[in-house]
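First the structure, in the form of structure tokens, and then the observations on it.
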Amino acid sequence: MSVTDLNNQSAPTKAPTVDAEEARRARSRRIEKTARWLLPLLVMALMIWVWDRIVVWNEIPHFILPSPGRVWGSLTGDWAILWDSALLTGRITLMALAIAVIGGAGLAILFNQNKMVELSLYPYAVILQVTPVVAIAPLIFIYVESKTVGMLLCAWLVAFFPVLSSTTLGLNSVDHNLRDLFRIYGATRWQRLWMLQLPSALPYFLGGLKIAGGLSLIGAVVAELVAGTGGVGTGLAFRIQEAGYRLNIARMFAALAIVAAMGVFIFAALSLLSHMLLRKWHESAIKREY
């Protein structure tokens with residue numbers, strides 16, 4: 001063995017140095033991931049503490065502004081009543097959202113395939129969207145005998161247009177180069193729709209779906225306020241009204257908290273669905289290392 005080989009064996013190997021910029025980026029990603037969950041929780045805790053201090057320091061009566069502890073007590077003590085009401089409101093919301101998805105996406109495909117149908121019907125879809133559902137709801141319950149069907153119609157009206165408009169935009173936003181390529185290879189209209197337009201419109205559809213999820217909950221609550229309770233049980237909107245009449249403001253806050261939690265859950269579930277469908281191919285969901 002030569003002297004050079006001995007020197008090479010005895011010389012200590014240097015550990016690869018980590019790039020300082022890469023380390024800084026990794027640290028920033030860890031901080032951002034932690035802050036995404038921690039900061040909202042801290043803000044919520046701070047708001048609850050300030051709310052409690054305002055009530056205590058100003059000695060505000062509980063029938064005007066209850067403390068967070070009293071609201072929590074109402075939420076846990078009246079949970080059986082509030083849960084049954086939440087099931088009714090949630091059922092109406094999900095049914096209306098499903099009908100909005102089927103009707104909105106189906107009508108958008110029809111508009112894309114037949115321009116005359118789009119020119120004939122799209123203005124009326126816009127009119128339905130810009131007309132407040134609070135103004136339409138009384139008329140719906142005059143002409144619709146079933147209150148459940150009337151509540152579904154109210155919730156569907158506000159959730160329908162975002163799905164329709166977003167899906168229509170997506171179907172019409174296909175890359176013209178890809179469209180020409182399909183035409184060159186002799187693809188039929190249905191092949192272009194199935195293999196090109198629908199995948200291209202999927203991100204637009206999912207974006208409209210997340211908006212429609214929250215709007216369907218708003219429509220269900222408004223419909224409950226207008227419809228009352230005869231024959232369909234009592235939803236969260238009725239519980240809010242009832243608590244207001246009885247000056248049970250703690251229960252009102254508890255019902256409002258459940259409504260807000262339902263909206264957050266619907267948005268989170270639809271965001272997860274969007275991520276799962278787009279994470280492998282669409283720029284909006286692909287995570288890149290910078």
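Following the order of the structure tokens, first chain is A, next is B, and so on, with residues numbered from 1 inside each chain and ligands from 1 in the order they appear.
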Return as a ChimeraX atom specification the full set of residues in range 77-195 of chain A whose backbone-based DSSP assignment is alpha helix (DSSP H). /A:77,79-113,115-130,133-143,147-171,176-184,189-192
task = Could you give me, as number ranges by chain, the residues within 8 Å of Leu215 in chain A, counting only C-alpha atoms and dropping anything in the same chain fewer than 2 positions from it?
result = A: 155, 158-159, 211-213, 217-219
task: Find the spatial neighbours of Arg239 in chain A, counting only C-alpha atoms, within a cut-off of 8 Å - ignore same-chain residues fewer than 5 positions away - and output them as a PyMOL selection string.
output: chain A and resi 82+85+234+251-252+255
Pull C-alpha atoms from the residues just selected and write them as a PDB file, in the first residue's frame.
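Output file again-v4.pdb is given in full below:
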ATOM      1  CA  LEU A  82     -79.409  21.186  19.785  1.00  0.00           C
ATOM      2  CA  SER A  85     -81.940  20.422  15.446  1.00  0.00           C
ATOM      3  CA  THR A 234     -87.169  22.064  14.597  1.00  0.00           C
ATOM      4  CA  ARG A 251     -78.656  28.914  24.035  1.00  0.00           C
ATOM      5  CA  MET A 252     -78.811  31.330  21.111  1.00  0.00           C
ATOM      6  CA  ALA A 255     -76.912  27.312  18.395  1.00  0.00           C
TER       7      ALA A 255
END
Would you list the contacts of His282 in chain A as a PyMOL selection string, taking every protein, DNA or RNA residue within 12 Å and counting only C-alpha atoms, but skipping same-chain residues closer than 4 positions in sequence?
-> chain A and resi 199-204+274-278+286-288
Dump N, CA and C atoms for the selected residues as a short mmCIF file (atom, residue, chain, number, x, y, z; two decimals), in the first residue's frame?
data_model
loop_
_atom_site.label_atom_id
_atom_site.label_comp_id
_atom_site.auth_asym_id
_atom_site.auth_seq_id
_atom_site.Cartn_x
_atom_site.Cartn_y
_atom_site.Cartn_z
N PRO A 199 -62.04 17.13 -17.37
CA PRO A 199 -60.86 17.27 -16.51
C PRO A 199 -60.38 18.71 -16.38
N SER A 200 -60.46 19.48 -17.47
CA SER A 200 -60.03 20.87 -17.40
C SER A 200 -60.95 21.71 -16.52
N ALA A 201 -62.23 21.35 -16.49
CA ALA A 201 -63.21 22.11 -15.71
C ALA A 201 -63.26 21.69 -14.25
N LEU A 202 -62.61 20.58 -13.89
CA LEU A 202 -62.70 20.06 -12.53
C LEU A 202 -62.25 21.08 -11.47
N PRO A 203 -61.10 21.77 -11.64
CA PRO A 203 -60.73 22.77 -10.62
C PRO A 203 -61.75 23.89 -10.47
N TYR A 204 -62.33 24.34 -11.57
CA TYR A 204 -63.36 25.38 -11.51
C TYR A 204 -64.60 24.86 -10.78
N SER A 274 -61.23 18.56 -2.72
CA SER A 274 -60.53 19.25 -3.80
C SER A 274 -59.05 18.91 -3.82
N HIS A 275 -58.43 18.88 -2.64
CA HIS A 275 -57.00 18.55 -2.58
C HIS A 275 -56.74 17.13 -3.05
N MET A 276 -57.58 16.19 -2.64
CA MET A 276 -57.37 14.79 -3.02
C MET A 276 -57.51 14.58 -4.52
N LEU A 277 -58.43 15.33 -5.15
CA LEU A 277 -58.65 15.17 -6.58
C LEU A 277 -57.62 15.90 -7.43
N LEU A 278 -56.99 16.94 -6.89
CA LEU A 278 -56.10 17.79 -7.70
C LEU A 278 -54.63 17.68 -7.31
N ILE A 286 -50.49 21.15 -6.09
CA ILE A 286 -49.18 20.51 -6.03
C ILE A 286 -48.29 21.29 -5.08
N LYS A 287 -47.67 20.59 -4.15
CA LYS A 287 -46.74 21.22 -3.23
C LYS A 287 -45.34 21.16 -3.82
N ARG A 288 -44.70 22.32 -3.93
CA ARG A 288 -43.38 22.41 -4.50
C ARG A 288 -42.39 22.91 -3.44
#
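Using only C-alpha atoms, the nearest neighbour of Gly150 in chain A within the list A:Val133, A:Leu46, A:Ile249, A:Val101 is A:Val133.
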Taken to one decimal, the CA of Leu270 in chain A-CA of Val174 in chain A distance is 23.7 Å
*asked:* Would you pick out the contacts of Asn172 in chain A at 8 Å or less, using only C-alpha atoms, so that residues sharing its chain but fewer than 3 positions from it are not included, and give the list as a ChimeraX atom specification?
replied: /A:112,168-169,197
Using all heavy atoms, can you write the selected residues to a file as an mmCIF file, in the first residue's frame?
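What follows is the written file part_33.cif:
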data_model
loop_
_atom_site.group_PDB
_atom_site.id
_atom_site.type_symbol
_atom_site.label_atom_id
_atom_site.label_comp_id
_atom_site.auth_asym_id
_atom_site.auth_seq_id
_atom_site.Cartn_x
_atom_site.Cartn_y
_atom_site.Cartn_z
ATOM 1 N N ASN A 112 -72.778 24.049 -22.494
ATOM 2 C CA ASN A 112 -71.561 23.923 -23.292
ATOM 3 C C ASN A 112 -71.815 23.202 -24.603
ATOM 4 O O ASN A 112 -71.178 23.522 -25.620
ATOM 5 C CB ASN A 112 -70.499 23.186 -22.471
ATOM 6 C CG ASN A 112 -69.204 22.987 -23.230
ATOM 7 O OD1 ASN A 112 -68.946 21.909 -23.776
ATOM 8 N ND2 ASN A 112 -68.380 24.034 -23.280
ATOM 9 N N THR A 168 -69.462 26.117 -15.967
ATOM 10 C CA THR A 168 -69.556 26.678 -17.319
ATOM 11 C C THR A 168 -68.263 27.367 -17.711
ATOM 12 O O THR A 168 -67.763 27.200 -18.836
ATOM 13 C CB THR A 168 -70.731 27.672 -17.398
ATOM 14 O OG1 THR A 168 -71.951 26.997 -17.055
ATOM 15 C CG2 THR A 168 -70.859 28.250 -18.801
ATOM 16 N N LEU A 169 -67.705 28.148 -16.790
ATOM 17 C CA LEU A 169 -66.427 28.812 -17.066
ATOM 18 C C LEU A 169 -65.322 27.800 -17.323
ATOM 19 O O LEU A 169 -64.515 27.961 -18.244
ATOM 20 C CB LEU A 169 -66.056 29.711 -15.880
ATOM 21 C CG LEU A 169 -64.710 30.441 -15.987
ATOM 22 C CD1 LEU A 169 -64.691 31.389 -17.172
ATOM 23 C CD2 LEU A 169 -64.419 31.191 -14.687
ATOM 24 N N GLN A 197 -62.544 18.382 -21.729
ATOM 25 C CA GLN A 197 -63.241 19.499 -21.083
ATOM 26 C C GLN A 197 -63.563 19.236 -19.617
ATOM 27 O O GLN A 197 -63.366 20.122 -18.767
ATOM 28 C CB GLN A 197 -64.520 19.829 -21.859
ATOM 29 C CG GLN A 197 -64.260 20.436 -23.235
ATOM 30 C CD GLN A 197 -65.546 20.700 -23.992
ATOM 31 O OE1 GLN A 197 -66.220 19.779 -24.440
ATOM 32 N NE2 GLN A 197 -65.897 21.968 -24.122
#
Please list as a ChimeraX atom specification every residue within 9 Å of Val259 in chain A, counting only C-alpha atoms and excluding residues in the same chain fewer than 5 positions away. /A:86,89,217,221,236-237,254,264
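As for CA of Ile266 in chain A and CA of Thr34 in chain A, they are spaced 23.1 Å apart.
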Across A:Gln241, A:Ser216, A:Ser271, A:Ser165, the smallest distance to Ala125 in chain A, with only C-alpha atoms counted, is shown by A:Ser165
From the list A:Ala20, A:Leu152, A:Leu193, A:Leu38, the nearest residue to Ala98 in chain A using only C-alpha atoms is A:Leu152
Min atom-atom distance to Met95 in chain A from the set A:Trp37, A:Trp156, A:Trp57, A:Trp72, counting only C-alpha atoms, belongs to A:Trp156
